[in-house]
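Colleague: Okay, so here is start.pdb, and as you'll see once you scroll down, it has PDB, C-alpha atoms.
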```pdb
ATOM      1  CA  MET T  22       5.129   8.078   0.097
ATOM      2  CA  GLN T  23       3.760   8.678   3.569
ATOM      3  CA  PRO T  24       1.661   6.312   5.647
ATOM      4  CA  HIS T  25      -1.859   6.470   4.275
ATOM      5  CA  VAL T  26      -5.200   4.787   3.877
ATOM      6  CA  LYS T  27      -6.248   4.079   0.321
ATOM      7  CA  LEU T  28      -9.969   3.651  -0.353
ATOM      8  CA  SER T  29     -11.491   2.268  -3.544
ATOM      9  CA  ALA T  30     -15.011   2.323  -4.944
ATOM     10  CA  ALA T  31     -16.575   1.316  -8.244
ATOM     11  CA  ASP T  32     -18.680   3.909 -10.042
ATOM     12  CA  PHE T  33     -21.804   3.196 -12.100
ATOM     13  CA  SER T  34     -19.599   2.535 -15.170
ATOM     14  CA  GLY T  35     -17.736  -0.150 -13.266
ATOM     15  CA  GLU T  36     -14.564   1.941 -13.191
ATOM     16  CA  VAL T  37     -12.599   2.023  -9.956
ATOM     17  CA  ALA T  38     -12.226   5.368  -8.227
ATOM     18  CA  THR T  39      -9.698   5.828  -5.433
ATOM     19  CA  MET T  40      -8.845   8.373  -2.807
ATOM     20  CA  SER T  41      -6.132   8.530  -0.141
ATOM     21  CA  LEU T  42      -5.686  10.288   3.169
ATOM     22  CA  GLY T  43      -2.494  10.563   5.163
ATOM     23  CA  LEU T  44      -2.198   8.630   8.401
ATOM     24  CA  PRO T  45      -0.408   9.886  11.495
ATOM     25  CA  ASN T  46       2.353   7.802  13.007
ATOM     26  CA  ILE T  47       0.778   4.370  13.488
ATOM     27  CA  THR T  48       2.102   2.461  16.487
ATOM     28  CA  ASN T  49       1.328  -0.533  18.642
ATOM     29  CA  ALA T  50      -0.912   1.809  20.652
ATOM     30  CA  ASN T  51      -3.226   3.127  17.926
ATOM     31  CA  PHE T  52      -3.103   0.577  15.082
ATOM     32  CA  GLU T  53      -6.219  -1.328  16.116
ATOM     33  CA  ASN T  54      -8.184   1.871  16.796
ATOM     34  CA  TYR T  55      -7.525   3.089  13.275
ATOM     35  CA  ARG T  56      -8.177  -0.332  11.772
ATOM     36  CA  ASP T  57     -11.398  -1.036  13.709
ATOM     37  CA  THR T  58     -12.955   2.383  14.323
ATOM     38  CA  VAL T  59     -11.439   5.474  12.724
ATOM     39  CA  ILE T  60     -11.426   4.263   9.146
ATOM     40  CA  GLY T  61     -14.858   2.713   9.544
ATOM     41  CA  ASN T  62     -16.136   6.112  10.646
ATOM     42  CA  LEU T  63     -14.520   7.696   7.601
ATOM     43  CA  VAL T  64     -16.181   5.116   5.342
ATOM     44  CA  SER T  65     -19.549   5.952   6.924
ATOM     45  CA  ALA T  66     -18.952   9.669   6.470
ATOM     46  CA  LEU T  67     -18.005   9.116   2.826
ATOM     47  CA  ALA T  68     -21.202   7.136   2.296
ATOM     48  CA  GLY T  69     -23.061  10.247   3.421
ATOM     49  CA  ILE T  70     -21.537  12.530   0.792
ATOM     50  CA  THR T  71     -20.872  10.267  -2.183
ATOM     51  CA  LEU T  72     -22.839   7.830  -4.321
ATOM     52  CA  CYS T  73     -20.446   4.906  -3.877
ATOM     53  CA  GLU T  74     -19.571   2.295  -1.278
ATOM     54  CA  TRP T  75     -16.047   2.716   0.114
ATOM     55  CA  ASP T  76     -15.712  -0.625   1.914
ATOM     56  CA  SER T  77     -12.569  -1.596  -0.022
ATOM     57  CA  TRP T  78      -9.554  -0.040   1.708
ATOM     58  CA  GLN T  79      -5.980  -0.673   2.728
ATOM     59  CA  MET T  80      -3.754   0.790   5.438
ATOM     60  CA  PHE T  81      -0.148   1.485   4.471
ATOM     61  CA  THR T  82       1.426   2.206   7.824
ATOM     62  CA  GLU T  83       5.191   2.004   7.425
ATOM     63  CA  VAL T  84       7.279   3.505   4.669
ATOM     64  CA  TYR T  85      11.039   3.146   4.875
ATOM     65  CA  THR T  86      13.028   5.183   2.386
ATOM     66  CA  ASP T  87      16.318   3.674   1.272
ATOM     67  CA  VAL T  88      19.209   5.278  -0.622
ATOM     68  CA  GLY T  89      18.149   4.122  -4.090
ATOM     69  CA  THR T  90      21.437   4.737  -5.907
ATOM     70  CA  LEU T  91      22.072   2.782  -9.084
ATOM     71  CA  PRO T  92      23.863  -0.478  -8.335
ATOM     72  CA  SER T  93      27.381  -0.728  -9.675
ATOM     73  CA  SER T  94      27.098  -4.244 -11.065
ATOM     74  CA  PRO T  95      25.972  -4.233 -14.714
ATOM     75  CA  TYR T  96      24.407  -7.627 -14.003
ATOM     76  CA  ALA T  97      21.894  -6.019 -11.670
ATOM     77  CA  GLN T  98      19.008  -6.171 -14.144
ATOM     78  CA  ARG T  99      15.314  -6.432 -13.345
ATOM     79  CA  GLU T 100      14.965  -8.504 -16.515
ATOM     80  CA  LEU T 101      16.438 -11.429 -14.557
ATOM     81  CA  ARG T 102      14.574 -12.818 -11.558
ATOM     82  CA  ALA T 103      14.936 -15.537  -8.999
ATOM     83  CA  LEU T 104      11.591 -17.296  -8.734
ATOM     84  CA  PHE T 105      11.105 -19.180  -5.486
ATOM     85  CA  THR T 106       8.323 -21.751  -5.249
ATOM     86  CA  CYS T 107       6.745 -21.941  -1.809
ATOM     87  CA  VAL T 108       4.151 -24.261  -0.333
ATOM     88  CA  ASP T 109       1.491 -23.499   2.263
ATOM     89  CA  THR T 110       2.263 -26.062   4.963
ATOM     90  CA  GLY T 111      -1.385 -26.194   6.000
ATOM     91  CA  THR T 112      -3.180 -26.514   2.673
ATOM     92  CA  GLY T 113      -0.376 -27.745   0.428
ATOM     93  CA  LYS T 114      -1.083 -24.982  -2.079
ATOM     94  CA  LYS T 115       1.905 -23.625  -3.949
ATOM     95  CA  PHE T 116       2.695 -20.024  -4.787
ATOM     96  CA  VAL T 117       5.731 -18.101  -6.015
ATOM     97  CA  VAL T 118       7.795 -15.122  -4.916
ATOM     98  CA  GLY T 119      10.050 -13.320  -7.410
ATOM     99  CA  ILE T 120      13.267 -11.455  -6.559
ATOM    100  CA  PRO T 121      14.665  -9.075  -9.173
ATOM    101  CA  CYS T 122      18.378  -8.642  -9.863
ATOM    102  CA  PRO T 123      19.454 -11.937  -8.287
ATOM    103  CA  ASP T 124      23.079 -12.325  -7.288
ATOM    104  CA  LEU T 125      24.122 -15.213  -9.495
ATOM    105  CA  ALA T 126      27.403 -15.639  -7.635
ATOM    106  CA  ASP T 127      25.223 -16.923  -4.778
ATOM    107  CA  MET T 128      22.598 -18.746  -6.769
ATOM    108  CA  ALA T 129      23.784 -20.134 -10.072
ATOM    109  CA  ILE T 130      24.708 -23.773 -10.523
ATOM    110  CA  ALA T 131      26.531 -24.921 -13.646
ATOM    111  CA  GLY T 132      24.325 -26.879 -16.028
ATOM    112  CA  THR T 133      20.967 -25.800 -14.635
ATOM    113  CA  ASP T 134      18.674 -22.850 -13.946
ATOM    114  CA  VAL T 135      17.824 -24.303 -10.541
ATOM    115  CA  ILE T 136      18.940 -22.066  -7.682
ATOM    116  CA  ASN T 137      21.468 -23.287  -5.148
ATOM    117  CA  LEU T 138      19.397 -23.347  -1.927
ATOM    118  CA  ALA T 139      22.436 -24.549   0.011
ATOM    119  CA  ASN T 140      24.306 -21.285  -0.519
ATOM    120  CA  VAL T 141      24.653 -19.473   2.823
ATOM    121  CA  GLU T 142      22.953 -16.235   1.717
ATOM    122  CA  VAL T 143      20.163 -18.055  -0.095
ATOM    123  CA  ALA T 144      19.604 -20.282   2.927
ATOM    124  CA  ALA T 145      19.372 -17.183   5.125
ATOM    125  CA  TYR T 146      16.751 -15.712   2.801
ATOM    126  CA  VAL T 147      14.795 -18.983   2.836
ATOM    127  CA  ALA T 148      14.962 -19.012   6.641
ATOM    128  CA  ALA T 149      13.689 -15.418   6.801
ATOM    129  CA  VAL T 150      10.789 -16.172   4.467
ATOM    130  CA  GLU T 151       9.811 -19.283   6.446
ATOM    131  CA  LEU T 152      10.100 -17.458   9.777
ATOM    132  CA  HIS T 153       8.530 -14.103   8.976
ATOM    133  CA  THR T 154       6.057 -14.496   6.110
ATOM    134  CA  VAL T 155       2.839 -16.403   5.408
ATOM    135  CA  SER T 156       0.995 -17.878   2.450
ATOM    136  CA  PRO T 157      -1.962 -16.169   0.747
ATOM    137  CA  GLN T 158      -4.143 -18.272   3.061
ATOM    138  CA  GLY T 159      -2.270 -16.969   6.098
ATOM    139  CA  ASN T 160      -0.493 -20.222   6.966
ATOM    140  CA  ALA T 161       3.166 -21.056   7.488
ATOM    141  CA  VAL T 162       5.354 -21.306   4.440
ATOM    142  CA  SER T 163       8.040 -23.707   3.255
ATOM    143  CA  VAL T 164      10.337 -22.744   0.376
ATOM    144  CA  ILE T 165      10.752 -25.834  -1.781
ATOM    145  CA  SER T 166      12.722 -24.660  -4.811
ATOM    146  CA  GLY T 167      14.006 -21.761  -6.816
ATOM    147  CA  LYS T 168      14.984 -21.118 -10.403
ATOM    148  CA  LEU T 169      16.303 -18.330 -12.560
ATOM    149  CA  VAL T 170      13.787 -16.832 -14.969
ATOM    150  CA  GLY T 171      13.513 -13.875 -17.281
ATOM    151  CA  ARG T 172      11.107 -10.989 -17.566
ATOM    152  CA  ASN T 173       9.361 -10.109 -20.797
ATOM    153  CA  LEU T 174       9.824  -6.326 -20.574
TER     154      LEU T 174
ATOM    155  CA  MET F  27      -3.268  -9.885   3.430
ATOM    156  CA  PRO F  28      -0.728  -7.671   5.157
ATOM    157  CA  HIS F  29       2.440  -7.492   3.152
ATOM    158  CA  VAL F  30       5.792  -5.766   2.764
ATOM    159  CA  THR F  31       6.792  -4.501  -0.654
ATOM    160  CA  HIS F  32      10.438  -3.842  -1.485
ATOM    161  CA  THR F  33      11.136  -1.562  -4.457
ATOM    162  CA  ILE F  34      14.484  -2.348  -6.070
ATOM    163  CA  ILE F  35      16.413  -0.381  -8.703
ATOM    164  CA  ASP F  36      18.691  -2.037 -11.234
ATOM    165  CA  HIS F  37      21.807  -0.908 -13.084
ATOM    166  CA  SER F  38      19.653   0.477 -15.914
ATOM    167  CA  GLY F  39      17.770   2.695 -13.494
ATOM    168  CA  GLU F  40      14.591   0.640 -13.828
ATOM    169  CA  THR F  41      12.644  -0.353 -10.736
ATOM    170  CA  SER F  42      10.722  -3.457  -9.883
ATOM    171  CA  PHE F  43       9.398  -4.888  -6.675
ATOM    172  CA  THR F  44       9.086  -8.005  -4.632
ATOM    173  CA  ARG F  45       6.280  -8.628  -2.176
ATOM    174  CA  HIS F  46       6.090 -10.915   0.839
ATOM    175  CA  LEU F  47       2.948 -11.623   2.818
ATOM    176  CA  LEU F  48       2.965 -10.987   6.565
ATOM    177  CA  PRO F  49       1.013 -12.535   9.435
ATOM    178  CA  THR F  50      -2.077 -10.791  10.798
ATOM    179  CA  ILE F  51      -0.987  -7.605  12.566
ATOM    180  CA  THR F  52      -2.363  -6.496  15.931
ATOM    181  CA  ASN F  53      -1.339  -3.952  18.518
ATOM    182  CA  ALA F  54       0.510  -6.712  20.376
ATOM    183  CA  ASN F  55       2.724  -7.770  17.468
ATOM    184  CA  TYR F  56       2.823  -4.505  15.531
ATOM    185  CA  ASN F  57       6.407  -3.620  16.354
ATOM    186  CA  ALA F  58       7.716  -7.162  15.976
ATOM    187  CA  ILE F  59       6.269  -7.535  12.499
ATOM    188  CA  THR F  60       6.512  -4.081  10.946
ATOM    189  CA  GLY F  61       9.740  -2.905  12.542
ATOM    190  CA  ASN F  62      12.847  -2.342  10.452
ATOM    191  CA  ALA F  63      15.397  -3.607  12.974
ATOM    192  CA  PRO F  64      17.263  -6.861  12.272
ATOM    193  CA  THR F  65      15.321  -8.663  14.998
ATOM    194  CA  GLN F  66      11.948  -7.687  13.530
ATOM    195  CA  ASN F  67      10.151  -9.337  10.604
ATOM    196  CA  VAL F  68      10.469  -6.599   8.041
ATOM    197  CA  GLY F  69      14.005  -5.686   9.028
ATOM    198  CA  ASP F  70      15.263  -9.277   9.062
ATOM    199  CA  LEU F  71      13.671 -10.020   5.701
ATOM    200  CA  ARG F  72      15.254  -6.922   4.211
ATOM    201  CA  LEU F  73      18.733  -7.974   5.359
ATOM    202  CA  ALA F  74      18.250 -11.427   3.863
ATOM    203  CA  LEU F  75      17.052  -9.935   0.575
ATOM    204  CA  ALA F  76      19.972  -7.526   0.412
ATOM    205  CA  ALA F  77      22.374 -10.458   0.529
ATOM    206  CA  ILE F  78      20.899 -12.196  -2.540
ATOM    207  CA  THR F  79      20.106  -9.323  -4.875
ATOM    208  CA  ASN F  80      22.452  -7.108  -6.870
ATOM    209  CA  GLY F  81      19.837  -4.363  -6.987
ATOM    210  CA  ASN F  82      19.622  -1.506  -4.509
ATOM    211  CA  PHE F  83      16.606  -0.744  -2.384
ATOM    212  CA  VAL F  84      14.634   2.398  -3.162
ATOM    213  CA  LYS F  85      12.037   1.973  -0.445
ATOM    214  CA  HIS F  86      10.004  -0.633   1.352
ATOM    215  CA  SER F  87       6.531  -0.232   2.689
ATOM    216  CA  VAL F  88       4.169  -2.224   4.841
ATOM    217  CA  MET F  89       0.498  -2.615   4.058
ATOM    218  CA  ALA F  90      -0.724  -3.504   7.508
ATOM    219  CA  PHE F  91      -4.380  -4.167   6.781
ATOM    220  CA  ASP F  92      -6.608  -4.858   3.809
ATOM    221  CA  SER F  93     -10.367  -4.859   4.275
ATOM    222  CA  GLY F  94     -10.446  -7.666   1.709
ATOM    223  CA  ILE F  95     -13.635  -6.339   0.160
ATOM    224  CA  SER F  96     -13.774  -5.840  -3.596
ATOM    225  CA  PRO F  97     -15.444  -2.617  -4.785
ATOM    226  CA  VAL F  98     -19.179  -3.001  -5.499
ATOM    227  CA  VAL F  99     -20.496  -1.249  -8.608
ATOM    228  CA  ALA F 100     -22.623   1.750  -7.680
ATOM    229  CA  THR F 101     -26.314   1.667  -8.570
ATOM    230  CA  ASP F 102     -26.792   5.401  -9.062
ATOM    231  CA  PRO F 103     -26.015   6.433 -12.689
ATOM    232  CA  ASN F 104     -24.743   9.745 -11.354
ATOM    233  CA  ALA F 105     -21.917   7.914  -9.556
ATOM    234  CA  GLN F 106     -19.122   8.663 -12.012
ATOM    235  CA  ARG F 107     -15.423   8.866 -11.129
ATOM    236  CA  GLU F 108     -15.089  11.540 -13.825
ATOM    237  CA  ILE F 109     -16.596  14.069 -11.425
ATOM    238  CA  LYS F 110     -14.940  14.780  -8.086
ATOM    239  CA  LEU F 111     -14.665  17.159  -5.208
ATOM    240  CA  LEU F 112     -11.350  18.951  -4.750
ATOM    241  CA  VAL F 113     -11.009  19.500  -1.021
ATOM    242  CA  SER F 114      -8.414  22.079   0.046
ATOM    243  CA  TYR F 115      -7.063  22.471   3.551
ATOM    244  CA  ASN F 116      -4.415  23.997   5.748
ATOM    245  CA  ASP F 117      -2.577  21.691   8.095
ATOM    246  CA  THR F 118      -1.768  22.805  11.628
ATOM    247  CA  ASN F 119       1.644  23.999  10.413
ATOM    248  CA  GLY F 120      -0.064  26.319   7.953
ATOM    249  CA  GLU F 121       0.904  24.266   4.913
ATOM    250  CA  ARG F 122      -1.729  24.049   2.192
ATOM    251  CA  GLY F 123      -2.805  20.764   0.684
ATOM    252  CA  SER F 124      -5.672  19.043  -1.065
ATOM    253  CA  PHE F 125      -7.222  15.697  -1.753
ATOM    254  CA  GLU F 126     -10.028  14.489  -3.982
ATOM    255  CA  VAL F 127     -13.293  12.709  -3.363
ATOM    256  CA  PRO F 128     -14.764  10.938  -6.415
ATOM    257  CA  CYS F 129     -18.467  10.419  -7.146
ATOM    258  CA  PRO F 130     -19.876  13.160  -4.925
ATOM    259  CA  ASN F 131     -23.575  13.301  -4.138
ATOM    260  CA  LEU F 132     -24.351  16.577  -5.874
ATOM    261  CA  THR F 133     -28.033  16.415  -4.977
ATOM    262  CA  LEU F 134     -26.802  16.948  -1.452
ATOM    263  CA  LEU F 135     -23.831  19.210  -2.027
ATOM    264  CA  ALA F 136     -24.232  21.329  -5.164
ATOM    265  CA  VAL F 137     -25.154  24.999  -4.905
ATOM    266  CA  ALA F 138     -26.730  26.846  -7.848
ATOM    267  CA  GLY F 139     -24.452  29.426  -9.450
ATOM    268  CA  THR F 140     -21.137  28.090  -8.181
ATOM    269  CA  ASP F 141     -18.856  25.029  -8.185
ATOM    270  CA  GLN F 142     -18.226  25.442  -4.468
ATOM    271  CA  ILE F 143     -20.278  22.987  -2.497
ATOM    272  CA  ASP F 144     -22.552  23.502   0.462
ATOM    273  CA  ARG F 145     -20.346  22.781   3.500
ATOM    274  CA  THR F 146     -23.056  23.401   6.079
ATOM    275  CA  GLY F 147     -25.004  20.179   5.765
ATOM    276  CA  VAL F 148     -24.898  17.516   8.460
ATOM    277  CA  GLU F 149     -23.353  14.885   6.223
ATOM    278  CA  TRP F 150     -20.554  17.153   4.978
ATOM    279  CA  LEU F 151     -19.808  18.378   8.493
ATOM    280  CA  ALA F 152     -19.501  14.765   9.656
ATOM    281  CA  PHE F 153     -17.008  14.082   6.882
ATOM    282  CA  GLU F 154     -14.973  17.195   7.738
ATOM    283  CA  ALA F 155     -14.926  16.199  11.379
ATOM    284  CA  ALA F 156     -13.769  12.670  10.550
ATOM    285  CA  VAL F 157     -10.921  13.950   8.397
ATOM    286  CA  GLU F 158      -9.796  16.783  10.670
ATOM    287  CA  SER F 159      -9.791  14.588  13.755
ATOM    288  CA  PHE F 160      -7.728  11.685  12.508
ATOM    289  CA  PHE F 161      -5.841  12.323   9.275
ATOM    290  CA  VAL F 162      -2.734  14.277   8.383
ATOM    291  CA  SER F 163      -1.077  16.191   5.584
ATOM    292  CA  PRO F 164       1.994  14.939   3.697
ATOM    293  CA  GLY F 165       4.012  16.870   6.259
ATOM    294  CA  GLY F 166       2.510  14.783   9.028
ATOM    295  CA  ALA F 167       0.517  17.591  10.641
ATOM    296  CA  PRO F 168      -3.225  17.260  11.267
ATOM    297  CA  ILE F 169      -5.494  18.372   8.441
ATOM    298  CA  SER F 170      -7.175  21.345  10.047
ATOM    299  CA  PRO F 171      -9.033  23.214   8.854
ATOM    300  CA  ILE F 172     -10.607  22.195   5.568
ATOM    301  CA  VAL F 173     -11.012  25.545   3.837
ATOM    302  CA  ASP F 174     -12.679  24.824   0.511
ATOM    303  CA  ALA F 175     -14.392  22.113  -1.470
ATOM    304  CA  ARG F 176     -15.478  22.430  -5.061
ATOM    305  CA  ILE F 177     -16.677  20.355  -7.986
ATOM    306  CA  VAL F 178     -13.982  19.430 -10.519
ATOM    307  CA  GLY F 179     -13.636  17.038 -13.405
ATOM    308  CA  ARG F 180     -11.246  14.249 -14.321
ATOM    309  CA  ARG F 181      -9.573  14.199 -17.708
ATOM    310  CA  LEU F 182      -9.675  10.440 -18.279
TER     311      LEU F 182
END
```
Take the structure in the file and write it out as structure tokens.
Modeller:
Amino acid sequence: MQPHVKLSAADFSGEVATMSLGLPNITNANFENYRDTVIGNLVSALAGITLCEWDSWQMFTEVYTDVGTLPSSPYAQRELRALFTCVDTGTGKKFVVGIPCPDLADMAIAGTDVINLANVEVAAYVAAVELHTVSPQGNAVSVISGKLVGRNL
Amino acid sequence: MPHVTHTIIDHSGETSFTRHLLPTITNANYNAITGNAPTQNVGDLRLALAAITNGNFVKHSVMAFDSGISPVVATDPNAQREIKLLVSYNDTNGERGSFEVPCPNLTLLAVAGTDQIDRTGVEWLAFEAAVESFFVSPGGAPISPIVDARIVGRRL
């Protein structure tokens, strides 16, 4: 998957149509120009040749490809997840973040499904989430708990 | 909201993902947030994730901006995603490619006797110029020139 802009529109039937165009290397020098001007011009040009409004769009600017080999541990299963409950420190609203294939050697505590937040690796993850990510409202985040859950599929 | 999505593969070969929301991205903080180095948001988060999951990473991608606008249903009954334009191009390396444009305005673009559209009109030329000036092929080379555009259907 390359960097791209994805545009969506709803046709007369109410079905969503999409189209994508590749983006060049987006950097700290051209990001705002693409965000504020180039894509807006594309949306205007599309309005001239189609019968839909293309105001719904997203910029995917960085794609890092990893190795992707199968993990060796048979316990690496997406059917098991670590579900962390977070709170927006501004509004108090809670939301969750799920991590597939959790390392239970780090997380599991005998007698409970509650995750061990005191484990060094888990604490480092919590610190990274609180430092680098935001809530759906764009405010700072505090991770308050975690538990092991399953996945239906 | 800007976000980073990590795709993870398990021992069964099945993939799933986890998504974390990122702060608003600007030119000033672009590298600090989207960079993959340990000192940058995305890179540091990836290292922390790697330490607590038994899965392996397949890829991770950053959605840097979302217009936040939900699609509005078109008012013209001829706006149907089942009909599209197939736009073919060469990139500046000579590689061929194509992309699709749903719900074309055929009153403007259709030509009697052919599925190839009229590429001489002002509106179409503006679209070609917008694409050729700023967008690239999967190989990363500028899309230039657009060589053909024709009416096609969609099976679904």
Colleague: Can you spell out as JSON, numbers by chain the set of residues that the PyMOL selection byres ((chain T and resi 151-167) around 10) selects in the structure I just provided?
Modeller: {"T": [103, 104, 105, 106, 107, 108, 109, 110, 111, 112, 113, 114, 115, 116, 117, 118, 119, 128, 134, 135, 136, 137, 138, 143, 144, 145, 146, 147, 148, 149, 150, 168, 169, 170], "F": [27, 28, 29, 30, 46, 47, 48, 49, 50, 58, 59, 66, 67, 68, 70, 71]}
Colleague: Give me the result of the ChimeraX specification (/T :<6) & /F on this file, residue by residue, as a PDB file with C-alpha atoms, in the coordinates of the input.
Modeller:
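Now in part-v9.pdb:
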```
ATOM      1  CA  ASP F  36      18.691  -2.037 -11.234  1.00  0.00           C
ATOM      2  CA  HIS F  37      21.807  -0.908 -13.084  1.00  0.00           C
ATOM      3  CA  THR F  44       9.086  -8.005  -4.632  1.00  0.00           C
ATOM      4  CA  LEU F  47       2.948 -11.623   2.818  1.00  0.00           C
ATOM      5  CA  LEU F  48       2.965 -10.987   6.565  1.00  0.00           C
ATOM      6  CA  PRO F  49       1.013 -12.535   9.435  1.00  0.00           C
ATOM      7  CA  ASN F  53      -1.339  -3.952  18.518  1.00  0.00           C
ATOM      8  CA  TYR F  56       2.823  -4.505  15.531  1.00  0.00           C
ATOM      9  CA  ASN F  67      10.151  -9.337  10.604  1.00  0.00           C
ATOM     10  CA  LEU F  71      13.671 -10.020   5.701  1.00  0.00           C
ATOM     11  CA  ALA F  74      18.250 -11.427   3.863  1.00  0.00           C
ATOM     12  CA  ALA F  77      22.374 -10.458   0.529  1.00  0.00           C
ATOM     13  CA  ILE F  78      20.899 -12.196  -2.540  1.00  0.00           C
ATOM     14  CA  THR F  79      20.106  -9.323  -4.875  1.00  0.00           C
ATOM     15  CA  ASN F  80      22.452  -7.108  -6.870  1.00  0.00           C
ATOM     16  CA  GLY F  81      19.837  -4.363  -6.987  1.00  0.00           C
ATOM     17  CA  ASN F  82      19.622  -1.506  -4.509  1.00  0.00           C
ATOM     18  CA  PHE F  83      16.606  -0.744  -2.384  1.00  0.00           C
ATOM     19  CA  VAL F  84      14.634   2.398  -3.162  1.00  0.00           C
ATOM     20  CA  LYS F  85      12.037   1.973  -0.445  1.00  0.00           C
ATOM     21  CA  HIS F  86      10.004  -0.633   1.352  1.00  0.00           C
ATOM     22  CA  SER F  87       6.531  -0.232   2.689  1.00  0.00           C
ATOM     23  CA  VAL F  88       4.169  -2.224   4.841  1.00  0.00           C
ATOM     24  CA  MET F  89       0.498  -2.615   4.058  1.00  0.00           C
ATOM     25  CA  ALA F  90      -0.724  -3.504   7.508  1.00  0.00           C
ATOM     26  CA  PHE F  91      -4.380  -4.167   6.781  1.00  0.00           C
ATOM     27  CA  ASP F  92      -6.608  -4.858   3.809  1.00  0.00           C
ATOM     28  CA  SER F  93     -10.367  -4.859   4.275  1.00  0.00           C
ATOM     29  CA  ILE F  95     -13.635  -6.339   0.160  1.00  0.00           C
ATOM     30  CA  SER F  96     -13.774  -5.840  -3.596  1.00  0.00           C
ATOM     31  CA  PRO F  97     -15.444  -2.617  -4.785  1.00  0.00           C
ATOM     32  CA  VAL F  98     -19.179  -3.001  -5.499  1.00  0.00           C
ATOM     33  CA  VAL F  99     -20.496  -1.249  -8.608  1.00  0.00           C
ATOM     34  CA  ALA F 100     -22.623   1.750  -7.680  1.00  0.00           C
ATOM     35  CA  THR F 101     -26.314   1.667  -8.570  1.00  0.00           C
ATOM     36  CA  PRO F 103     -26.015   6.433 -12.689  1.00  0.00           C
ATOM     37  CA  ALA F 105     -21.917   7.914  -9.556  1.00  0.00           C
ATOM     38  CA  GLN F 106     -19.122   8.663 -12.012  1.00  0.00           C
ATOM     39  CA  ARG F 107     -15.423   8.866 -11.129  1.00  0.00           C
ATOM     40  CA  CYS F 129     -18.467  10.419  -7.146  1.00  0.00           C
ATOM     41  CA  PRO F 130     -19.876  13.160  -4.925  1.00  0.00           C
ATOM     42  CA  ASN F 131     -23.575  13.301  -4.138  1.00  0.00           C
ATOM     43  CA  GLU F 149     -23.353  14.885   6.223  1.00  0.00           C
ATOM     44  CA  PHE F 153     -17.008  14.082   6.882  1.00  0.00           C
ATOM     45  CA  ALA F 156     -13.769  12.670  10.550  1.00  0.00           C
ATOM     46  CA  PHE F 161      -5.841  12.323   9.275  1.00  0.00           C
ATOM     47  CA  VAL F 162      -2.734  14.277   8.383  1.00  0.00           C
ATOM     48  CA  SER F 163      -1.077  16.191   5.584  1.00  0.00           C
TER      49      SER F 163
END
```
Colleague: Let me know the residues the PyMOL selection byres ((chain F and resi 118-127) around 7) catches in the file above, as a PDB file with C-alpha atoms, keeping the file's coordinate frame.
Modeller:
```pdb
ATOM      1  CA  MET T  40      -8.845   8.373  -2.807  1.00  0.00           C
TER       2      MET T  40
ATOM      3  CA  LYS F 110     -14.940  14.780  -8.086  1.00  0.00           C
ATOM      4  CA  LEU F 111     -14.665  17.159  -5.208  1.00  0.00           C
ATOM      5  CA  LEU F 112     -11.350  18.951  -4.750  1.00  0.00           C
ATOM      6  CA  VAL F 113     -11.009  19.500  -1.021  1.00  0.00           C
ATOM      7  CA  SER F 114      -8.414  22.079   0.046  1.00  0.00           C
ATOM      8  CA  TYR F 115      -7.063  22.471   3.551  1.00  0.00           C
ATOM      9  CA  ASN F 116      -4.415  23.997   5.748  1.00  0.00           C
ATOM     10  CA  ASP F 117      -2.577  21.691   8.095  1.00  0.00           C
ATOM     11  CA  PRO F 128     -14.764  10.938  -6.415  1.00  0.00           C
ATOM     12  CA  CYS F 129     -18.467  10.419  -7.146  1.00  0.00           C
ATOM     13  CA  PRO F 130     -19.876  13.160  -4.925  1.00  0.00           C
ATOM     14  CA  SER F 163      -1.077  16.191   5.584  1.00  0.00           C
ATOM     15  CA  ALA F 167       0.517  17.591  10.641  1.00  0.00           C
ATOM     16  CA  PRO F 168      -3.225  17.260  11.267  1.00  0.00           C
ATOM     17  CA  ILE F 169      -5.494  18.372   8.441  1.00  0.00           C
ATOM     18  CA  SER F 170      -7.175  21.345  10.047  1.00  0.00           C
TER      19      SER F 170
END
```
